[in-house]
Amino acid sequence: MATIVIDGCEIHYEIDGSGPLVVLTPGGRLGGQAVHATADALAQHHRVVLWDRRNTGFSHVWFGTEAEQHVWADDLATLLLRLDLGPAWLAGASAGARVSYLTALRHPGVVRGLVLWSVSGGPYASQVLGYQYHTPFINEALRGGMEAVAATPFFEERISANADNRDRILATPVEHFVASMRAWNESFFPRPDTPVIAASEEQLRSIAVPTLVFEGNDDIHPPEAAKALAALVPDAELQHSAWRRDEWMSRYVGRVAGEIADLYPRLAPAITEFIARHEALA
């Protein structure tokens, strides 16, 4: 795993395989290792970049009032430009899908195309994700200060992965941390003109690259969100999900063993076919 530094933050990444360049971004605040099996499947036909965003995996934690998702998109563009790798196919699930389409909106020059699945949208998903990502940490900071934040399971993992993160957390004033979390939460507010989280209908219509969208079928990634995105992006193709609703939901609620990301390698053949088809037209 290699590292670059962007605005004082270590960003860890790895590259494997050969062929058309694909950047794979996992969902949630998961590090790249969570989707390593999918990266391995794609690396049979592609050069794959797997990376840890700020606040994920082995990278540094960071707290600022600019939307975390926008900073992730800016970091991805910087990574590609710094390493002279773009333009690339951007692929990802849930938060990884958001990073991908936000990068296409903010930095279209680094994007060759998009492959998106588990697209989040709608009032329920916005409410659940906005709460999960931010409110528990705000409450811990208000209850016990930044020591309490550092002791949460999520940030304990960030410290275990990168020891620098403990000092970075403890050096952050509580007021700054809470303001950051509240500002980040605003990206998740459901609005009439945002069929998917953090992007408006007008913005989605401006995306001008080939786009493959897999239909979601769970409570956080409803089919309506994927269908709306596919209908708005001019050169988008919609395909059915590669798994059943109960396969996803049973993992999400812990009713069965296994990770949600265990389902993702099923998408590799369709992703490979889509990219090959469009690369042949280039």
# chains A, B, ... in the order shown; residues from 1 in each chain; ligands from 1

call {"tool": "select_by_dssp", "arguments": {"residues": "stretch 65-282 of chain A", "states": "strand (DSSP E)", "output": "PyMOL selection string"}}
result
chain A and resi 88-93+111-117+211-214+236-239

call {"tool": "closest_atom_pairs", "arguments": {"of": "stretch 163-248 of chain A", "to": "stretch 143-151 of chain A", "cutoff": "8 Å", "atoms": "only C-alpha atoms", "output": "CSV"}}
result
residue,atom,partner,partner_atom,distance
A:Arg166,CA,A:Ala150,CA,6.8
A:Ile169,CA,A:Met146,CA,6.6
A:Leu170,CA,A:Met146,CA,5.5
A:Thr172,CA,A:Met146,CA,7.3
A:Pro173,CA,A:Met146,CA,7.6
A:Val174,CA,A:Gly145,CA,6.2

call {"tool": "atom_distance", "arguments": {"atom1": "atom CA of A:Gln203", "atom2": "atom CA of A:Gly130"}}
result
21.1 Å

call {"tool": "residues_around", "arguments": {"residues": "stretch 43-54 of chain A", "least_positions_apart": "3", "cutoff": "6 Å", "atoms": "only C-alpha atoms", "output": "ChimeraX atom specification"}}
result
/A:12-24,31-32,39-40,57,59-61

call {"tool": "write_last_selection", "arguments": {"atoms": "N, CA and C atoms", "output": "short mmCIF file (atom, residue, chain, number, x, y, z; two decimals), in the first residue's frame"}}
result
data_model
loop_
_atom_site.label_atom_id
_atom_site.label_comp_id
_atom_site.auth_asym_id
_atom_site.auth_seq_id
_atom_site.Cartn_x
_atom_site.Cartn_y
_atom_site.Cartn_z
N HIS A 12 -4.09 6.58 1.76
CA HIS A 12 -3.48 5.31 1.37
C HIS A 12 -4.21 4.71 0.18
N TYR A 13 -3.44 4.08 -0.70
CA TYR A 13 -4.02 3.48 -1.89
C TYR A 13 -3.16 2.31 -2.35
N GLU A 14 -3.71 1.48 -3.23
CA GLU A 14 -2.95 0.42 -3.87
C GLU A 14 -3.47 0.25 -5.30
N ILE A 15 -2.62 -0.26 -6.18
CA ILE A 15 -2.96 -0.43 -7.59
C ILE A 15 -2.59 -1.84 -8.00
N ASP A 16 -3.50 -2.49 -8.74
CA ASP A 16 -3.26 -3.86 -9.17
C ASP A 16 -3.90 -4.07 -10.54
N GLY A 17 -3.36 -5.00 -11.29
CA GLY A 17 -3.95 -5.39 -12.56
C GLY A 17 -3.49 -4.52 -13.72
N SER A 18 -4.05 -4.80 -14.89
CA SER A 18 -3.74 -4.02 -16.10
C SER A 18 -4.99 -3.94 -16.96
N GLY A 19 -5.05 -2.91 -17.77
CA GLY A 19 -6.21 -2.69 -18.61
C GLY A 19 -6.80 -1.32 -18.33
N PRO A 20 -8.06 -1.07 -18.76
CA PRO A 20 -8.69 0.22 -18.48
C PRO A 20 -8.70 0.51 -16.98
N LEU A 21 -8.44 1.75 -16.64
CA LEU A 21 -8.27 2.14 -15.24
C LEU A 21 -9.62 2.27 -14.54
N VAL A 22 -9.76 1.58 -13.40
CA VAL A 22 -10.97 1.63 -12.58
C VAL A 22 -10.58 2.01 -11.16
N VAL A 23 -11.23 3.03 -10.59
CA VAL A 23 -11.07 3.36 -9.18
C VAL A 23 -12.28 2.82 -8.43
N LEU A 24 -12.03 1.99 -7.44
CA LEU A 24 -13.10 1.34 -6.69
C LEU A 24 -13.19 1.96 -5.30
N GLY A 31 -12.91 1.16 4.67
CA GLY A 31 -11.66 1.25 3.93
C GLY A 31 -11.68 0.36 2.71
N GLY A 32 -10.68 0.51 1.87
CA GLY A 32 -10.61 -0.24 0.64
C GLY A 32 -10.58 -1.74 0.83
N ALA A 39 -12.21 -5.92 -6.03
CA ALA A 39 -11.04 -5.39 -6.74
C ALA A 39 -10.27 -6.50 -7.42
N ASP A 40 -10.11 -7.63 -6.73
CA ASP A 40 -9.40 -8.77 -7.33
C ASP A 40 -10.13 -9.28 -8.57
N GLY A 57 -10.24 3.37 6.72
CA GLY A 57 -9.07 2.52 6.52
C GLY A 57 -7.84 3.02 7.25
N SER A 59 -6.02 5.65 6.30
CA SER A 59 -5.76 7.07 6.07
C SER A 59 -6.01 7.89 7.33
N HIS A 60 -5.64 9.17 7.27
CA HIS A 60 -5.82 10.07 8.41
C HIS A 60 -7.29 10.45 8.59
N VAL A 61 -7.66 10.73 9.82
CA VAL A 61 -8.95 11.35 10.08
C VAL A 61 -8.82 12.85 9.82
#

call {"tool": "atom_distance", "arguments": {"atom1": "atom CA of A:Trp184", "atom2": "atom CA of A:Leu116"}}
result
21.9 Å

call {"tool": "select_by_dssp", "arguments": {"residues": "stretch 188-226 of chain A", "states": "helix (DSSP H, G or I)", "output": "JSON, numbers by chain"}}
result
{"A": [188, 201, 202, 203, 204, 205, 223, 224, 225, 226]}

call {"tool": "atom_distance", "arguments": {"atom1": "atom CA of A:Val178", "atom2": "atom CA of A:Asp74"}}
result
22.4 Å

call {"tool": "closest_residue", "arguments": {"among": "A:Arg191, A:Arg245, A:Arg82, A:Arg182", "to": "A:Phe63", "atoms": "only C-alpha atoms"}}
result
A:Arg182

call {"tool": "closest_residue", "arguments": {"among": "A:Trp243, A:Tyr133, A:Trp89, A:Tyr101", "to": "A:Ser180", "atoms": "only C-alpha atoms"}}
result
A:Tyr133

call {"tool": "residues_around", "arguments": {"residues": "stretch 232-238 of chain A", "least_positions_apart": "2", "cutoff": "9 Å", "atoms": "only C-alpha atoms", "output": "JSON, numbers by chain"}}
result
{"A": [114, 201, 202, 203, 204, 205, 206, 207, 208, 209, 210, 211, 212, 213, 214, 215, 226, 227, 228, 229, 230, 240]}

call {"tool": "write_last_selection", "arguments": {"atoms": "N, CA and C atoms", "output": "mmCIF file, in the first residue's frame"}}
result
data_model
loop_
_atom_site.group_PDB
_atom_site.id
_atom_site.type_symbol
_atom_site.label_atom_id
_atom_site.label_comp_id
_atom_site.auth_asym_id
_atom_site.auth_seq_id
_atom_site.Cartn_x
_atom_site.Cartn_y
_atom_site.Cartn_z
ATOM 1 N N LEU A 114 -18.704 6.040 -15.278
ATOM 2 C CA LEU A 114 -19.167 5.717 -13.933
ATOM 3 C C LEU A 114 -19.820 4.347 -13.905
ATOM 4 N N GLU A 201 -31.289 17.072 -9.562
ATOM 5 C CA GLU A 201 -31.669 16.643 -10.906
ATOM 6 C C GLU A 201 -30.852 17.394 -11.954
ATOM 7 N N GLU A 202 -30.719 18.700 -11.776
ATOM 8 C CA GLU A 202 -29.953 19.506 -12.739
ATOM 9 C C GLU A 202 -28.501 19.043 -12.817
ATOM 10 N N GLN A 203 -27.897 18.763 -11.683
ATOM 11 C CA GLN A 203 -26.513 18.298 -11.679
ATOM 12 C C GLN A 203 -26.376 16.956 -12.393
ATOM 13 N N LEU A 204 -27.288 16.035 -12.114
ATOM 14 C CA LEU A 204 -27.206 14.712 -12.729
ATOM 15 C C LEU A 204 -27.352 14.809 -14.247
ATOM 16 N N ARG A 205 -28.180 15.720 -14.727
ATOM 17 C CA ARG A 205 -28.342 15.891 -16.173
ATOM 18 C C ARG A 205 -27.058 16.387 -16.838
ATOM 19 N N SER A 206 -26.160 16.970 -16.058
ATOM 20 C CA SER A 206 -24.927 17.523 -16.632
ATOM 21 C C SER A 206 -23.812 16.491 -16.773
ATOM 22 N N ILE A 207 -23.978 15.302 -16.212
ATOM 23 C CA ILE A 207 -22.934 14.272 -16.305
ATOM 24 C C ILE A 207 -22.860 13.767 -17.740
ATOM 25 N N ALA A 208 -21.670 13.807 -18.314
ATOM 26 C CA ALA A 208 -21.517 13.550 -19.757
ATOM 27 C C ALA A 208 -20.568 12.395 -20.037
ATOM 28 N N VAL A 209 -20.641 11.350 -19.224
ATOM 29 C CA VAL A 209 -19.789 10.169 -19.447
ATOM 30 C C VAL A 209 -20.664 8.928 -19.420
ATOM 31 N N PRO A 210 -20.218 7.824 -20.056
ATOM 32 C CA PRO A 210 -20.983 6.577 -19.982
ATOM 33 C C PRO A 210 -21.174 6.152 -18.523
ATOM 34 N N THR A 211 -22.384 5.752 -18.192
ATOM 35 C CA THR A 211 -22.715 5.445 -16.803
ATOM 36 C C THR A 211 -23.536 4.163 -16.729
ATOM 37 N N LEU A 212 -23.065 3.237 -15.928
ATOM 38 C CA LEU A 212 -23.788 1.996 -15.654
ATOM 39 C C LEU A 212 -24.335 2.070 -14.237
ATOM 40 N N VAL A 213 -25.644 1.848 -14.102
ATOM 41 C CA VAL A 213 -26.295 1.903 -12.800
ATOM 42 C C VAL A 213 -26.982 0.567 -12.547
ATOM 43 N N PHE A 214 -26.675 -0.046 -11.410
ATOM 44 C CA PHE A 214 -27.357 -1.262 -10.999
ATOM 45 C C PHE A 214 -28.493 -0.883 -10.039
ATOM 46 N N GLU A 215 -29.652 -1.450 -10.287
ATOM 47 C CA GLU A 215 -30.824 -1.136 -9.488
ATOM 48 C C GLU A 215 -30.668 -1.652 -8.063
ATOM 49 N N ALA A 226 -31.989 4.568 -7.981
ATOM 50 C CA ALA A 226 -31.202 4.154 -9.141
ATOM 51 C C ALA A 226 -31.922 4.489 -10.442
ATOM 52 N N LYS A 227 -33.233 4.253 -10.482
ATOM 53 C CA LYS A 227 -33.995 4.540 -11.695
ATOM 54 C C LYS A 227 -33.995 6.037 -12.005
ATOM 55 N N ALA A 228 -34.120 6.865 -10.975
ATOM 56 C CA ALA A 228 -34.100 8.310 -11.199
ATOM 57 C C ALA A 228 -32.751 8.761 -11.730
ATOM 58 N N LEU A 229 -31.681 8.253 -11.124
ATOM 59 C CA LEU A 229 -30.336 8.623 -11.584
ATOM 60 C C LEU A 229 -30.127 8.190 -13.033
ATOM 61 N N ALA A 230 -30.507 6.954 -13.345
ATOM 62 C CA ALA A 230 -30.315 6.442 -14.706
ATOM 63 C C ALA A 230 -31.142 7.221 -15.717
ATOM 64 N N HIS A 240 -30.508 -4.729 -13.684
ATOM 65 C CA HIS A 240 -31.087 -5.266 -12.465
ATOM 66 C C HIS A 240 -29.996 -5.596 -11.445
#

call {"tool": "closest_residue", "arguments": {"among": "A:Leu42, A:Ala257, A:Val71, A:Ala97", "to": "A:Ala276", "atoms": "only C-alpha atoms"}}
result
A:Leu42

call {"tool": "residues_around", "arguments": {"residues": "A:Asp219", "least_positions_apart": "3", "cutoff": "12 Å", "atoms": "only C-alpha atoms", "output": "ChimeraX atom specification"}}
result
/A:118-129,216,222-225,245-246,248-250,252-253
